[in-house]
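Notes follow the structure.
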Amino acid sequence: MKIETNPAIDMKLSLDSELEFTVATEMDFEEIMSISKDVYGGLDYLPARYQTWIHQPNRTVMLAKKDGKVIALQSVYIIDEGETVLVEGLRVAPTERGKGVAGIIQKYCTEFVKKKYPDVKVIRLTRDDKLGPKDFKKYRLLSKQGILLVRFNAEELCSRLGDIVAQMKAAGTDMRPYVVLDQNEVQDVVLNNEILHEVLPNKTIIQDWQPFKPLQSNMQLLMEKDLHWIVDHIQIPNVVSLCTSPFRIPIGEDWYYLNIDLFGKDLSHLKSQFIGHLQNLMQNLRGSIMCQMFLEPSLWEDMADFCKNIMDVEIARHYTEQYLLESDI
């Protein structure tokens, strides 16, 4: 195995491999995209985030190369005041899958983190594939959320939101009140409210697959994102939701992705906050939308029924789950 000479990764790793490891740069983008065409069923976030990732402090995007060509990628991101490494974005070229490449780059990244960030205590990651006995030997399962994926045309749905709210009112299910938080309110509610901490799965803010403990350093990272935060009540928040701004995905031309993380067990509030996020984004929504919501598993079926029969949007995928996993480094 060849280790690229680089101040960030000048170390030895004993693995039976002829791979070369390098830190990703802007020049690698097209080659990375060429191995990513079938990743995440067309919902791959990396094309939209790559430029941010390679320049982000405390993040390293690592590449594995074979004969000079990129065959795998994994990102490591130091969060939780330096105690956690979040591993993300793992992908292997189609021609190299099933050969142990994923395990090799994962081991390399772990050794890299141990050397460069000796204070890191745990590895965290999120997954949506079915877990097996080997996974439970390797990881602790911290929490799980149901994944509800719907698709719709932005302009068509936004034109009907007023009618949908009226239909809910006529059926005796009025919109529940909610509060859109500004940045100062977000900081105060998230950091200082123990009630909210109990609402979060494993007391963790899972935002678009990224798990953050409610800490000041993490809030600074979240504030750098263009997020919309909604709660049912500022002083006593029993339902909270976070929504990304839409970004392009490679599933097709003029397709965008919207991620909404919903925390809490009051279905009526979750429905209202879902509509609230759409109303807040009406001016920015366009084209075809893949909207992925994460929520309490026991509420998935009722929320899917609401989306299909009241919102009149298409359920794009059957029930799946998002798992938050952790292991000692």
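Numbering starts fresh at 1 for the residues of each chain in the structure tokens, the chains themselves are lettered A, B, ... in the order given, and ligands are numbered from 1 as they appear.
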9 Å contact set for Val239 in chain A, only C-alpha atoms, chain neighbours under 4 positions out, as a ChimeraX atom specification: /A:196,199,230-233,262-266,269-270,273
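Near Glu88 in chain A, within 10 Å and counting only C-alpha atoms, sit Leu46, Val61, Leu73, Gln74, Ser75, Val76, Tyr77, Arg124, Leu125, Thr126, Arg127, Trp209 and Gln210 of chain A, not including residues fewer than 4 positions from it in the same chain.
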Counting only C-alpha atoms, the residue of A:Leu148, A:Ile195, A:Val186, A:Leu278 that sits nearest Ser298 in chain A: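 Counting only C-alpha atoms, the residue closest to Ser298 in chain A is A:Leu148.
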For Ala93 in chain A: contacts at 9 Å, only C-alpha atoms, fewer than 4 positions along chain excluded, given as a ChimeraX atom specification: /A:32,34-36,70-72,97
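Each of A:Leu142, A:Asn238, A:Gly82, A:Gln207 was checked against Pro57 in chain A using only C-alpha atoms; the smallest atom-to-atom distance is that of A:Gly82.
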Residue set, range 65-310 of chain A restricted to helix (DSSP H, G or I), as a ChimeraX atom specification: /A:80-82,94-96,101-116,133-138,154-170,183-192,194-199,201-203,216-223,267-280,297-309
Residues of range 119-179 of chain A in strand (DSSP E or B), written as an NGL selection string: :A and (122-127 or 140-153 or 179)
Selection file, N, CA and C atoms, as a short mmCIF file (atom, residue, chain, number, x, y, z; two decimals), in the first residue's frame:
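Produced file selection_35.cif, reproduced below:
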data_model
loop_
_atom_site.label_atom_id
_atom_site.label_comp_id
_atom_site.auth_asym_id
_atom_site.auth_seq_id
_atom_site.Cartn_x
_atom_site.Cartn_y
_atom_site.Cartn_z
N VAL A 122 -15.19 8.42 20.13
CA VAL A 122 -16.15 7.52 19.49
C VAL A 122 -16.32 7.86 18.01
N ILE A 123 -16.75 6.85 17.27
CA ILE A 123 -17.15 7.00 15.87
C ILE A 123 -18.66 6.97 15.83
N ARG A 124 -19.26 7.90 15.09
CA ARG A 124 -20.71 7.88 14.88
C ARG A 124 -21.00 7.92 13.39
N LEU A 125 -22.09 7.27 13.02
CA LEU A 125 -22.54 7.27 11.64
C LEU A 125 -24.02 6.97 11.60
N THR A 126 -24.66 7.32 10.49
CA THR A 126 -26.06 6.97 10.26
C THR A 126 -26.14 6.08 9.03
N ARG A 127 -27.08 5.13 9.08
CA ARG A 127 -27.28 4.20 7.96
C ARG A 127 -28.76 3.93 7.80
N ARG A 140 -22.97 0.18 18.59
CA ARG A 140 -24.11 0.34 19.49
C ARG A 140 -25.20 1.09 18.73
N LEU A 141 -26.43 0.59 18.80
CA LEU A 141 -27.56 1.28 18.18
C LEU A 141 -28.09 2.31 19.16
N LEU A 142 -27.95 3.59 18.81
CA LEU A 142 -28.37 4.67 19.71
C LEU A 142 -29.81 5.08 19.50
N SER A 143 -30.27 5.09 18.26
CA SER A 143 -31.65 5.50 17.99
C SER A 143 -32.02 5.10 16.57
N LYS A 144 -33.32 5.17 16.29
CA LYS A 144 -33.77 4.96 14.92
C LYS A 144 -34.97 5.85 14.65
N GLN A 145 -35.08 6.27 13.40
CA GLN A 145 -36.17 7.09 12.91
C GLN A 145 -36.76 6.43 11.67
N GLY A 146 -38.08 6.55 11.49
CA GLY A 146 -38.69 6.10 10.26
C GLY A 146 -38.38 7.08 9.14
N ILE A 147 -38.20 6.57 7.93
CA ILE A 147 -37.90 7.41 6.76
C ILE A 147 -39.10 7.40 5.84
N LEU A 148 -39.64 8.58 5.59
CA LEU A 148 -40.79 8.74 4.68
C LEU A 148 -40.34 9.59 3.50
N LEU A 149 -40.29 8.98 2.32
CA LEU A 149 -39.85 9.67 1.11
C LEU A 149 -41.06 9.92 0.21
N VAL A 150 -41.29 11.19 -0.11
CA VAL A 150 -42.40 11.56 -0.99
C VAL A 150 -41.86 12.41 -2.14
N ARG A 151 -42.59 12.41 -3.25
CA ARG A 151 -42.19 13.26 -4.38
C ARG A 151 -43.38 14.03 -4.90
N PHE A 152 -43.08 15.22 -5.40
CA PHE A 152 -44.15 16.08 -5.90
C PHE A 152 -43.57 17.17 -6.78
N ASN A 153 -44.44 17.82 -7.53
CA ASN A 153 -44.06 19.01 -8.29
C ASN A 153 -44.24 20.22 -7.39
N VAL A 179 -43.98 27.86 15.87
CA VAL A 179 -43.12 29.05 15.92
C VAL A 179 -41.91 28.80 15.04
#
